[in-house]
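Q: Input target-v5.tsv, format and content: TSV, C-alpha atoms.
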chain	number	residue	atom	x	y	z
H	248	MET	CA	-19.22	-54.35	28.62
H	249	ASN	CA	-21.80	-56.96	29.55
H	250	PHE	CA	-24.19	-58.61	27.10
H	251	LYS	CA	-27.20	-56.44	28.01
H	252	LYS	CA	-25.26	-53.19	27.58
H	253	LEU	CA	-23.66	-54.50	24.37
H	254	SER	CA	-27.07	-55.36	22.92
H	255	GLY	CA	-28.42	-51.93	23.91
H	256	VAL	CA	-25.59	-50.09	22.17
H	257	ALA	CA	-25.97	-52.28	19.05
H	258	TRP	CA	-29.74	-51.76	19.01
H	259	LYS	CA	-29.40	-47.95	19.18
H	260	ALA	CA	-26.85	-48.04	16.36
H	261	LEU	CA	-29.25	-49.99	14.16
H	262	LEU	CA	-32.12	-47.62	14.93
H	263	ARG	CA	-30.08	-44.67	13.63
H	264	ASN	CA	-30.54	-46.12	10.09
H	265	LYS	CA	-33.93	-47.82	10.19
H	266	THR	CA	-34.50	-48.00	6.43
H	267	ARG	CA	-31.02	-49.29	5.72
H	268	SER	CA	-31.32	-51.87	8.49
H	269	LEU	CA	-34.68	-53.05	7.13
H	270	LEU	CA	-33.33	-53.37	3.59
H	271	THR	CA	-30.31	-55.28	4.92
H	272	MET	CA	-32.60	-57.72	6.69
H	273	LEU	CA	-34.66	-58.31	3.56
H	274	GLY	CA	-32.52	-61.20	2.33
H	275	ILE	CA	-32.73	-62.92	5.72
H	276	ILE	CA	-36.50	-62.28	5.89
H	277	ILE	CA	-37.08	-63.82	2.45
H	278	GLY	CA	-34.71	-66.72	3.12
H	279	ILE	CA	-36.08	-67.71	6.53
H	280	GLY	CA	-39.66	-67.05	5.40
H	281	SER	CA	-39.24	-69.31	2.36
H	282	VAL	CA	-37.62	-72.10	4.33
H	283	ILE	CA	-40.26	-72.04	7.08
H	284	ALA	CA	-43.07	-71.88	4.50
H	285	MET	CA	-41.63	-74.80	2.50
H	286	VAL	CA	-41.15	-76.96	5.59
H	287	GLY	CA	-44.61	-76.08	6.91
H	288	ILE	CA	-46.37	-76.71	3.59
H	289	GLY	CA	-44.46	-79.97	3.14
H	290	GLN	CA	-45.47	-81.25	6.57
H	291	SER	CA	-49.06	-80.08	6.14
H	292	SER	CA	-49.36	-81.77	2.75
H	293	SER	CA	-47.92	-85.04	4.09
H	294	GLU	CA	-50.32	-84.97	7.02
H	295	GLY	CA	-53.29	-84.00	4.84
H	296	ILE	CA	-52.63	-86.52	2.07
H	297	GLY	CA	-51.79	-89.24	4.56
H	298	GLY	CA	-55.04	-88.57	6.40
H	299	GLU	CA	-57.05	-88.81	3.19
H	300	ILE	CA	-55.40	-92.08	2.22
H	301	SER	CA	-55.94	-93.48	5.71
H	302	GLU	CA	-59.61	-92.52	5.48
H	303	MET	CA	-59.85	-94.58	2.30
H	304	GLY	CA	-58.39	-97.51	4.17
H	305	THR	CA	-54.77	-98.59	3.98
H	306	ASN	CA	-55.89	-102.21	3.54
H	307	THR	CA	-57.09	-101.62	-0.03
H	308	ILE	CA	-55.21	-103.54	-2.74
H	309	PHE	CA	-55.21	-102.52	-6.40
H	310	VAL	CA	-54.53	-104.90	-9.26
H	311	THR	CA	-54.03	-103.16	-12.60
H	312	ARG	CA	-52.96	-104.21	-16.05
H	313	ALA	CA	-49.21	-103.98	-16.66
H	314	SER	CA	-47.87	-101.68	-19.35
H	315	GLN	CA	-46.59	-103.26	-22.55
H	316	THR	CA	-43.54	-102.37	-24.60
H	317	GLN	CA	-43.23	-102.65	-28.35
H	318	GLY	CA	-39.90	-102.16	-30.07
H	319	GLY	CA	-38.49	-100.82	-26.83
H	320	VAL	CA	-41.28	-98.24	-26.54
H	321	ASN	CA	-43.83	-98.24	-23.72
H	322	ILE	CA	-47.30	-98.36	-25.32
H	323	GLY	CA	-49.23	-98.37	-22.06
H	324	SER	CA	-51.85	-100.80	-20.81
H	325	ALA	CA	-54.91	-99.76	-22.81
H	326	ASN	CA	-54.89	-102.89	-24.98
H	327	VAL	CA	-53.91	-105.35	-22.25
H	328	GLN	CA	-56.74	-107.83	-21.61
H	329	THR	CA	-55.15	-110.06	-19.01
H	330	LEU	CA	-57.48	-109.44	-16.04
H	331	LYS	CA	-60.59	-111.60	-16.02
H	332	GLU	CA	-63.54	-112.20	-13.74
H	333	SER	CA	-62.08	-115.62	-12.93
H	334	ASP	CA	-59.06	-113.81	-11.39
H	335	VAL	CA	-61.38	-112.22	-8.82
H	336	ASP	CA	-62.79	-115.62	-7.88
H	337	ALA	CA	-59.28	-117.09	-7.65
H	338	ILE	CA	-58.12	-114.28	-5.35
H	339	LEU	CA	-61.10	-114.71	-3.02
H	340	LYS	CA	-60.64	-118.46	-2.87
H	341	GLY	CA	-56.85	-118.51	-2.77
H	342	SER	CA	-55.96	-116.00	-0.06
H	343	ARG	CA	-57.16	-116.16	3.52
H	344	ASN	CA	-55.93	-112.58	4.00
H	345	ILE	CA	-58.42	-111.11	1.49
H	346	SER	CA	-61.86	-110.24	2.85
H	347	MET	CA	-63.56	-109.00	-0.32
H	348	ALA	CA	-62.85	-108.07	-3.93
H	349	SER	CA	-64.56	-106.35	-6.81
H	350	PRO	CA	-64.02	-106.34	-10.58
H	351	SER	CA	-63.65	-102.87	-12.01
H	352	VAL	CA	-64.32	-101.46	-15.46
H	353	SER	CA	-64.97	-97.84	-16.30
H	354	ALA	CA	-66.10	-95.67	-19.18
H	355	ALA	CA	-66.41	-91.93	-19.73
H	356	GLY	CA	-69.39	-90.39	-21.47
H	357	GLN	CA	-72.33	-88.04	-21.33
H	358	LEU	CA	-74.99	-88.49	-18.69
H	359	VAL	CA	-78.44	-87.31	-19.67
H	360	TYR	CA	-81.67	-86.82	-17.78
H	361	GLY	CA	-84.37	-84.90	-19.61
H	362	ALA	CA	-82.79	-81.63	-20.76
H	363	ASN	CA	-79.92	-81.91	-18.28
H	364	ASN	CA	-76.48	-83.12	-19.41
H	365	TRP	CA	-73.32	-83.87	-17.45
H	366	PRO	CA	-70.00	-85.38	-18.61
H	367	GLY	CA	-69.24	-88.22	-16.22
H	368	THR	CA	-67.56	-91.56	-15.66
H	369	ILE	CA	-69.41	-94.78	-14.99
H	370	GLN	CA	-67.74	-97.29	-12.72
H	371	GLY	CA	-68.61	-100.96	-13.17
H	372	ALA	CA	-68.28	-103.01	-9.98
H	373	ASN	CA	-70.04	-105.49	-7.72
H	374	SER	CA	-71.72	-105.01	-4.35
H	375	ASN	CA	-68.35	-104.93	-2.50
H	376	PHE	CA	-67.17	-101.77	-4.23
H	377	LEU	CA	-68.82	-99.33	-1.83
H	378	GLU	CA	-67.25	-100.93	1.24
H	379	ILE	CA	-63.82	-101.27	-0.35
H	380	ARG	CA	-63.77	-97.62	-1.44
H	381	LYS	CA	-65.43	-96.39	1.79
H	382	TYR	CA	-68.56	-94.98	0.14
H	383	THR	CA	-71.76	-94.71	2.16
H	384	MET	CA	-75.32	-94.80	0.83
H	385	ALA	CA	-77.34	-91.65	1.47
H	386	SER	CA	-80.55	-93.17	0.14
H	387	GLY	CA	-81.70	-96.15	-1.88
H	388	SER	CA	-79.92	-99.50	-2.08
H	389	ASN	CA	-76.66	-101.09	-3.19
H	390	ILE	CA	-76.12	-103.20	-6.28
H	391	THR	CA	-77.10	-106.85	-5.73
H	392	GLU	CA	-75.62	-110.09	-6.99
H	393	ARG	CA	-78.79	-110.50	-9.04
H	394	ASP	CA	-78.09	-107.12	-10.72
H	395	VAL	CA	-74.60	-108.37	-11.61
H	396	GLU	CA	-75.83	-111.73	-12.94
H	397	THR	CA	-78.47	-110.15	-15.18
H	398	ALA	CA	-76.40	-107.10	-16.21
H	399	ALA	CA	-79.26	-105.00	-14.89
H	400	LYS	CA	-79.70	-101.46	-16.15
H	401	VAL	CA	-79.40	-99.89	-12.71
H	402	CYS	CA	-76.96	-97.47	-11.14
H	403	ILE	CA	-75.94	-95.56	-8.02
H	404	ILE	CA	-75.00	-91.91	-8.43
H	405	GLY	CA	-72.77	-89.54	-6.47
H	406	LYS	CA	-73.84	-86.20	-5.04
H	407	THR	CA	-72.35	-84.13	-7.87
H	408	VAL	CA	-74.14	-86.16	-10.55
H	409	ALA	CA	-77.38	-85.92	-8.59
H	410	ASN	CA	-77.04	-82.14	-8.30
H	411	GLU	CA	-76.23	-81.70	-11.99
H	412	LEU	CA	-78.94	-83.99	-13.40
H	413	PHE	CA	-81.58	-83.14	-10.80
H	414	PRO	CA	-80.94	-79.44	-10.07
H	415	ASP	CA	-84.45	-78.79	-8.74
H	416	GLU	CA	-83.88	-81.11	-5.75
H	417	GLU	CA	-85.98	-83.75	-7.44
H	418	ASP	CA	-85.53	-87.17	-5.82
H	419	PRO	CA	-83.30	-89.19	-8.22
H	420	LEU	CA	-84.43	-92.57	-6.88
H	421	GLY	CA	-86.43	-94.47	-9.46
H	422	LYS	CA	-85.59	-92.03	-12.26
H	423	VAL	CA	-83.99	-93.27	-15.48
H	424	ILE	CA	-80.84	-91.53	-16.71
H	425	ARG	CA	-78.97	-92.29	-19.91
H	426	PHE	CA	-75.29	-93.02	-20.39
H	427	LYS	CA	-74.24	-93.39	-24.03
H	428	LYS	CA	-77.92	-93.91	-24.85
H	429	ILE	CA	-78.17	-96.82	-22.37
H	430	PRO	CA	-81.02	-96.21	-19.89
H	431	LEU	CA	-80.06	-96.80	-16.25
H	432	LYS	CA	-82.50	-96.69	-13.35
H	433	VAL	CA	-81.16	-94.86	-10.30
H	434	ILE	CA	-81.45	-97.19	-7.29
H	435	GLY	CA	-79.21	-95.30	-4.86
H	436	VAL	CA	-77.52	-91.97	-4.04
H	437	LEU	CA	-74.16	-91.78	-2.23
H	438	GLU	CA	-73.16	-89.63	0.71
H	439	SER	CA	-70.78	-86.83	-0.27
H	440	LYS	CA	-67.04	-87.59	0.06
H	441	GLY	CA	-65.63	-84.34	-1.37
H	442	GLN	CA	-62.35	-84.09	-3.22
H	443	ASN	CA	-59.57	-86.64	-2.93
H	444	MET	CA	-55.84	-85.92	-2.45
H	445	MET	CA	-55.45	-85.23	-6.18
H	446	GLY	CA	-58.23	-82.65	-6.14
H	447	GLN	CA	-60.66	-84.93	-7.96
H	448	ASP	CA	-64.33	-84.81	-7.08
H	449	GLN	CA	-65.18	-88.21	-5.58
H	450	ASP	CA	-68.89	-87.40	-5.80
H	451	ASP	CA	-68.74	-87.17	-9.60
H	452	ILE	CA	-69.32	-90.91	-10.06
H	453	VAL	CA	-71.90	-93.35	-11.36
H	454	ILE	CA	-71.65	-96.97	-10.20
H	455	ALA	CA	-73.32	-99.80	-12.14
H	456	PRO	CA	-72.95	-103.61	-12.18
H	457	TYR	CA	-69.65	-104.39	-13.91
H	458	THR	CA	-71.41	-106.79	-16.25
H	459	THR	CA	-73.68	-103.95	-17.40
H	460	VAL	CA	-70.67	-101.78	-18.26
H	461	GLN	CA	-68.84	-104.69	-19.87
H	462	LYS	CA	-71.69	-106.01	-22.04
H	463	ARG	CA	-74.00	-103.07	-22.66
H	464	ILE	CA	-71.57	-100.13	-22.83
H	465	LEU	CA	-68.03	-101.28	-23.66
H	466	ALA	CA	-68.69	-104.71	-25.26
H	467	ILE	CA	-65.59	-106.25	-23.64
H	468	ASN	CA	-65.03	-109.43	-21.65
H	469	TYR	CA	-62.02	-108.37	-19.55
H	470	LEU	CA	-61.48	-106.11	-16.55
H	471	HIS	CA	-59.64	-102.82	-16.25
H	472	MET	CA	-58.77	-103.36	-12.62
H	473	ILE	CA	-59.44	-105.52	-9.56
H	474	LEU	CA	-60.01	-103.94	-6.16
H	475	ALA	CA	-59.50	-106.04	-3.06
H	476	SER	CA	-59.48	-105.47	0.66
H	477	SER	CA	-57.29	-107.31	3.15
H	478	LYS	CA	-58.79	-108.46	6.44
H	479	SER	CA	-56.73	-105.87	8.32
H	480	GLU	CA	-54.06	-103.26	7.67
H	481	ALA	CA	-51.54	-105.51	9.42
H	482	VAL	CA	-51.86	-108.22	6.76
H	483	ALA	CA	-52.19	-105.90	3.75
H	484	HIS	CA	-48.61	-106.53	2.60
H	485	GLN	CA	-48.99	-110.31	2.92
H	486	ALA	CA	-52.36	-110.11	1.13
H	487	ALA	CA	-50.73	-108.25	-1.78
H	488	GLU	CA	-48.07	-110.98	-2.03
H	489	ASP	CA	-50.84	-113.60	-1.97
H	490	VAL	CA	-52.61	-111.84	-4.84
H	491	GLN	CA	-49.43	-111.67	-6.87
H	492	GLY	CA	-48.73	-115.37	-6.41
H	493	ILE	CA	-52.32	-116.35	-7.22
H	494	LEU	CA	-52.43	-114.28	-10.41
H	495	ARG	CA	-49.05	-115.55	-11.62
H	496	GLU	CA	-50.39	-119.07	-11.25
H	497	GLN	CA	-53.74	-118.08	-12.75
H	498	HIS	CA	-52.06	-116.49	-15.78
H	499	LYS	CA	-49.55	-119.36	-16.08
H	500	ILE	CA	-46.56	-117.01	-15.92
H	501	GLN	CA	-43.29	-118.91	-15.94
H	502	ALA	CA	-40.66	-118.41	-13.25
H	503	GLY	CA	-38.46	-115.44	-14.10
H	504	ALA	CA	-40.98	-113.95	-16.53
H	505	ASP	CA	-42.47	-110.51	-15.90
H	506	ASP	CA	-45.98	-110.14	-14.51
H	507	ASP	CA	-48.71	-109.05	-16.91
H	508	PHE	CA	-50.33	-107.17	-14.04
H	509	GLU	CA	-49.33	-104.84	-11.23
H	510	VAL	CA	-50.27	-105.12	-7.55
H	511	PHE	CA	-49.91	-102.28	-5.07
H	512	THR	CA	-51.46	-101.38	-1.76
H	513	GLN	CA	-52.84	-98.15	-0.38
H	514	GLN	CA	-49.95	-98.11	2.11
H	515	GLN	CA	-47.46	-98.25	-0.75
H	516	MET	CA	-49.24	-95.27	-2.32
H	517	LEU	CA	-48.96	-93.45	1.00
H	518	ASP	CA	-45.25	-94.26	1.31
H	519	THR	CA	-44.58	-93.18	-2.26
H	520	MET	CA	-46.50	-89.95	-1.75
H	521	ASN	CA	-44.58	-89.19	1.44
H	522	ASN	CA	-41.27	-89.85	-0.30
H	523	VAL	CA	-42.15	-87.56	-3.20
H	524	THR	CA	-43.40	-84.84	-0.84
H	525	GLY	CA	-40.29	-85.14	1.31
H	526	MET	CA	-37.95	-84.86	-1.68
H	527	LEU	CA	-39.81	-81.84	-3.05
H	528	THR	CA	-39.69	-80.18	0.37
H	529	ILE	CA	-35.94	-80.73	0.66
H	530	LEU	CA	-35.37	-79.47	-2.88
H	531	LEU	CA	-37.46	-76.33	-2.43
H	532	THR	CA	-35.95	-75.67	1.01
H	533	ALA	CA	-32.46	-75.93	-0.45
H	534	ILE	CA	-33.40	-73.43	-3.17
H	535	ALA	CA	-34.92	-71.09	-0.59
H	536	ALA	CA	-31.79	-71.37	1.54
H	537	ILE	CA	-29.84	-69.62	-1.21
H	538	SER	CA	-31.65	-66.45	-0.13
H	539	LEU	CA	-29.98	-66.82	3.26
H	540	LEU	CA	-26.57	-66.75	1.61
H	541	VAL	CA	-27.56	-63.62	-0.30
H	542	GLY	CA	-28.90	-62.12	2.92
H	543	GLY	CA	-25.64	-62.89	4.73
H	544	ILE	CA	-23.60	-61.22	2.00
H	545	GLY	CA	-25.89	-58.18	2.34
H	546	ILE	CA	-25.17	-58.03	6.07
H	547	MET	CA	-21.44	-58.24	5.47
H	548	ASN	CA	-21.62	-55.47	2.90
H	549	ILE	CA	-23.61	-53.10	5.10
H	550	MET	CA	-21.39	-53.80	8.10
H	551	TYR	CA	-18.33	-52.79	6.06
H	552	VAL	CA	-20.12	-49.56	5.20
H	553	THR	CA	-21.01	-49.05	8.87
H	554	VAL	CA	-17.42	-49.56	10.01
H	555	THR	CA	-16.20	-47.03	7.43
H	556	GLU	CA	-18.82	-44.46	8.44
H	557	ARG	CA	-18.00	-44.82	12.14
H	558	THR	CA	-14.20	-44.89	11.88
H	559	ARG	CA	-13.80	-41.69	13.91
H	560	GLU	CA	-16.19	-43.05	16.57
H	561	ILE	CA	-14.09	-46.22	16.77
H	562	GLY	CA	-10.91	-44.17	17.10
H	563	LEU	CA	-12.48	-42.05	19.85
H	564	ARG	CA	-13.58	-45.13	21.81
H	565	MET	CA	-10.12	-46.63	21.54
H	566	ALA	CA	-8.56	-43.37	22.66
H	567	ILE	CA	-10.59	-43.38	25.90
H	568	GLY	CA	-9.71	-46.98	26.71
H	569	ALA	CA	-11.85	-49.36	24.67
H	570	LYS	CA	-10.00	-52.54	23.83
H	571	ASN	CA	-9.95	-54.29	20.44
H	572	ARG	CA	-12.16	-57.01	21.91
H	573	ASN	CA	-14.83	-54.44	22.89
H	574	ILE	CA	-14.96	-53.02	19.34
H	575	LEU	CA	-15.10	-56.52	17.87
H	576	MET	CA	-17.96	-57.57	20.15
H	577	GLN	CA	-19.90	-54.36	19.46
H	578	PHE	CA	-19.99	-54.84	15.69
H	579	LEU	CA	-20.58	-58.58	16.01
H	580	ALA	CA	-23.56	-57.80	18.23
H	581	GLU	CA	-24.95	-55.40	15.61
H	582	SER	CA	-24.65	-57.93	12.77
H	583	THR	CA	-26.11	-60.75	14.91
H	584	ILE	CA	-29.05	-58.66	16.10
H	585	LEU	CA	-29.66	-57.54	12.51
H	586	SER	CA	-29.77	-61.19	11.40
H	587	LEU	CA	-31.92	-62.39	14.32
H	588	ILE	CA	-34.54	-59.66	13.83
H	589	GLY	CA	-34.70	-60.57	10.14
H	590	GLY	CA	-35.09	-64.20	11.19
H	591	VAL	CA	-38.01	-63.42	13.51
H	592	ILE	CA	-39.82	-61.44	10.80
H	593	GLY	CA	-39.08	-64.20	8.28
H	594	LEU	CA	-40.36	-66.84	10.71
H	595	LEU	CA	-43.65	-64.99	11.13
H	596	LEU	CA	-43.91	-64.50	7.36
H	597	GLY	CA	-43.24	-68.20	6.72
H	598	LEU	CA	-45.78	-69.30	9.31
H	599	GLY	CA	-48.36	-66.97	7.76
H	600	LEU	CA	-47.73	-68.40	4.28
H	601	SER	CA	-47.88	-72.02	5.41
H	602	PHE	CA	-51.07	-71.31	7.41
H	603	ALA	CA	-52.68	-69.67	4.35
H	604	ALA	CA	-51.70	-72.60	2.11
H	605	ALA	CA	-52.96	-75.18	4.62
H	606	SER	CA	-56.27	-73.32	5.01
H	607	LEU	CA	-56.69	-72.95	1.25
H	608	LEU	CA	-56.05	-76.67	0.59
H	609	ASN	CA	-57.87	-77.94	3.70
H	610	TRP	CA	-54.69	-79.42	5.16
H	611	PRO	CA	-53.87	-79.35	8.88
H	612	PHE	CA	-51.56	-76.48	9.87
H	613	ILE	CA	-48.40	-77.80	11.51
H	614	PHE	CA	-45.96	-75.62	13.45
H	615	SER	CA	-42.49	-77.13	13.39
H	616	THR	CA	-40.60	-76.13	16.55
H	617	ALA	CA	-37.52	-77.86	15.17
H	618	ALA	CA	-37.58	-75.70	12.01
H	619	ALA	CA	-38.07	-72.56	14.13
H	620	ALA	CA	-35.16	-73.48	16.42
H	621	VAL	CA	-32.90	-74.27	13.46
H	622	SER	CA	-33.87	-70.91	11.91
H	623	PHE	CA	-32.67	-69.03	15.00
H	624	VAL	CA	-29.41	-70.96	15.07
H	625	VAL	CA	-28.87	-70.32	11.35
H	626	CYS	CA	-29.63	-66.60	11.75
H	627	ALA	CA	-27.20	-66.28	14.66
H	628	ALA	CA	-24.57	-68.16	12.66
H	629	ILE	CA	-25.10	-65.92	9.62
H	630	GLY	CA	-24.85	-62.80	11.77
H	631	ILE	CA	-21.61	-63.97	13.40
H	632	PHE	CA	-20.01	-65.42	10.24
H	633	PHE	CA	-20.76	-62.55	7.88
H	634	GLY	CA	-20.26	-59.90	10.57
H	635	TRP	CA	-16.89	-61.25	11.71
H	636	TYR	CA	-14.71	-59.76	8.99
H	637	PRO	CA	-16.11	-56.18	9.19
H	638	ALA	CA	-15.96	-56.38	13.01
H	639	ARG	CA	-12.37	-57.62	12.88
H	640	LYS	CA	-11.47	-54.80	10.53
H	641	ALA	CA	-12.97	-52.30	13.00
H	642	ALA	CA	-11.14	-53.89	15.94
H	643	ASN	CA	-7.77	-53.75	14.16
H	644	LEU	CA	-7.98	-50.06	13.26
H	645	ASP	CA	-5.16	-47.85	14.43
H	646	PRO	CA	-6.63	-45.30	16.90
H	647	ILE	CA	-4.57	-42.39	15.55
H	648	ASN	CA	-5.43	-43.07	11.91
H	649	ALA	CA	-9.06	-43.61	12.89
H	650	LEU	CA	-9.24	-40.21	14.61
H	651	ARG	CA	-7.72	-38.56	11.51
H	652	PHE	CA	-10.26	-40.25	9.21
H	653	GLU	CA	-12.52	-37.77	7.37
Just give me the structure of the file as structure tokens.
A:
Amino acid sequence: MNFKKLSGVAWKALLRNKTRSLLTMLGIIIGIGSVIAMVGIGQSSSEGIGGEISEMGTNTIFVTRASQTQGGVNIGSANVQTLKESDVDAILKGSRNISMASPSVSAAGQLVYGANNWPGTIQGANSNFLEIRKYTMASGSNITERDVETAAKVCIIGKTVANELFPDEEDPLGKVIRFKKIPLKVIGVLESKGQNMMGQDQDDIVIAPYTTVQKRILAINYLHMILASSKSEAVAHQAAEDVQGILREQHKIQAGADDDFEVFTQQQMLDTMNNVTGMLTILLTAIAAISLLVGGIGIMNIMYVTVTERTREIGLRMAIGAKNRNILMQFLAESTILSLIGGVIGLLLGLGLSFAAASLLNWPFIFSTAAAAVSFVVCAAIGIFFGWYPARKAANLDPINALRFE
């Protein structure tokens, strides 16, 4: 019996019990669907998050305060005051790989304009901040060095803040808003950037001279963070090493002692995010693959039932000349076709789920041909492996006993 005829006979046998065949395939459908969905969502998230980070510029360098420990307990970095304005000057002067830098301090509070209120965060920075963080002015002007020197009461607002404080499409430029009772004149409005990779609204921001936030709002003389930008992505790693060396010297940290700051690049964030996403994808795929095992056991079970139900048919075929090999191949074909059809339905289900997730989260939809090919191989292997024992049982039946079977 050739392959085409064998497949036809197996297909007709499966159609005789449509509901039972569908229920048998359910485990394979769920297993393959879950695996394809997990792989697709994982690849889409990596591509989407990577794209967002790349848009922000992989040459950005972050310098933050290091966490402290007390009595063996991590107490965070809230009280660490190691970063100073002089560190920014030292970085700019000391590294030829750094193109610009900005001090950074921030505070959360209530923004008020007339009767309109909005809970927001004010970001203290210098004129380089917009370029480092890839913000674009929609109207008005950037902060000037003069604004920084005089701790001027001016600010730039994001689109969300503008919409919330000026809901009637009133032009915010020149208006005075209040943040913790400090009046700030709006000198600029930013272009919308939308949400970042963590789902945070990047338009919900107020930017003011860092000296204004330090002196008039927080009453501090240190920085929360330093943002820097390397001259190119190619030298970002070297620039980060430069910054670390400069700050260790600036802070007079002895050889072998731990840094009182942390330096990391946007590329390191991207690599870390990809590693985490990859591990989660592997973990979830492994969990989903358990469904395939359950599905395979279901196929084996139903094939045993099928062999028992068709014992007389097997005996009759043997009596008219069918060989053991023909019986074996017939039942193996049925179990393999059953598994492959379940795999195709599961593949379509998984692609649908990953497409829906990518559309919902604004990630690119990625079709993995490798995952689809592996799915077919796995389905064929499941059909052959779990169908082998029932098929072998059928092939080894004694024709006389099979014909007597009631």
Q: Kindly provide, as a PyMOL selection string, the polymer residues lying within 7 Å of (-27.3, -50.9, 7.2), counting all atoms listed in the file and using the coordinates exactly as they appear in the file.
A: chain H and resi 264+267-268+271+549-550+553
Q: Draw an axis-aligned box tight on the listed atoms of stretch 338-355 of chain H, then pad every side by 6 Å and write out centre and edge lengths in Å to one decimal as JSON.
A:
{"center_x": -61.2, "center_y": -105.2, "center_z": -7.9, "size_x": 22.5, "size_y": 38.6, "size_z": 35.7}
Q: Which distance in Å separates atom CA of H:Pro419 and atom CA of H:Thr407, to one decimal?
A: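 Distance reported for this atom pair: 12.1 Å.
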Q: Which neighbours of stretch 427-440 of chain H fall inside 8 Å, counting all atoms listed in the file, when residues of the same chain fewer than 4 positions from it are skipped, and could you give them as number ranges by chain?
A: H: 356-358, 382-389, 400-406, 409, 419-423, 449-450, 463-464
Q: Enter the distance from atom CA of H:Gly295 to atom CA of H:Pro611, in Å, rounded to one decimal.
A: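 Spanning atom CA of H:Gly295 to atom CA of H:Pro611 is a straight-line distance of 6.2 Å.
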Q: Contacts of H:Thr583 at 8 Å or less, counting all atoms listed in the file, minus same-chain residues fewer than 4 places along, as a PyMOL selection string?
A: chain H and resi 579+587+626-631+634
Q: Determine the nearest neighbour of H:Tyr469 from the options H:Ile338, H:Leu330, H:Ala348, H:Val359, counting all atoms listed in the file.
A: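 When distances to H:Tyr469 are compared using all atoms listed in the file, the smallest one comes from H:Leu330.
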Q: Would you mind reading off the distance between atom CA of H:Gly255 and atom CA of H:Ser622, one decimal, in Å?
A: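 Atom-to-atom, atom CA of H:Gly255 and atom CA of H:Ser622 are spaced 23.1 Å apart.
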Q: Show which residues sit within 9 Å of H:Ile529, as a PDB file with C-alpha atoms, in the frame of the given file. Count all atoms listed in the file, and ignore same-chain residues fewer than 4 positions away.
A:
ATOM      1  CA  MET H 285     -41.630 -74.800   2.500  1.00  0.00           C
ATOM      2  CA  VAL H 286     -41.150 -76.960   5.590  1.00  0.00           C
ATOM      3  CA  GLY H 289     -44.460 -79.970   3.140  1.00  0.00           C
ATOM      4  CA  THR H 524     -43.400 -84.840  -0.840  1.00  0.00           C
ATOM      5  CA  GLY H 525     -40.290 -85.140   1.310  1.00  0.00           C
ATOM      6  CA  ALA H 533     -32.460 -75.930  -0.450  1.00  0.00           C
ATOM      7  CA  ILE H 534     -33.400 -73.430  -3.170  1.00  0.00           C
TER       8      ILE H 534
END
Q: Using only C-alpha atoms, which protein or nucleic acid residues come within 10 Å of stretch 474-491 of chain H? Drop anything in the same chain fewer than 5 positions from it, and give the result as a PyMOL selection string.
A: chain H and resi 304-311+334-335+337-339+341-351+372+375-376+378-380+496-497+506+508-515
Q: Considering all atoms listed in the file, return as a PyMOL selection string whatever protein or nucleic-acid residues lie within 10 Å of H:Arg559, sequence-local ones (same chain, fewer than 5 positions apart) excluded.
A: chain H and resi 554+564-565+646-653
Q: Just checking: using only C-alpha atoms, which residue out of H:Ile454, H:Ile288, H:Met547, H:Val282 ends up closest to H:Leu585?
A: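 Smallest distance to H:Leu585 is found for H:Met547.
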Q: Which is closer to H:Tyr551 than all the others in H:Leu596, H:Ala619, H:Ala638, H:Val453, using only C-alpha atoms?
A: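 Among the listed residues, the smallest separation from H:Tyr551 belongs to H:Ala638.
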Q: Restricting the calculation to only C-alpha atoms: of H:Ser291, H:Ser254, H:Thr266, H:Thr555, which residue gets closest to H:Phe602?
A: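 Among the listed residues, the smallest separation from H:Phe602 belongs to H:Ser291.
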Q: My list of candidates is H:Phe426, H:Trp610, H:Trp258, H:Phe623. Which is closest to H:Ser582 when distances are computed with only C-alpha atoms?
A: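 Nearest candidate to H:Ser582 out of H:Phe426, H:Trp610, H:Trp258, H:Phe623: H:Trp258.
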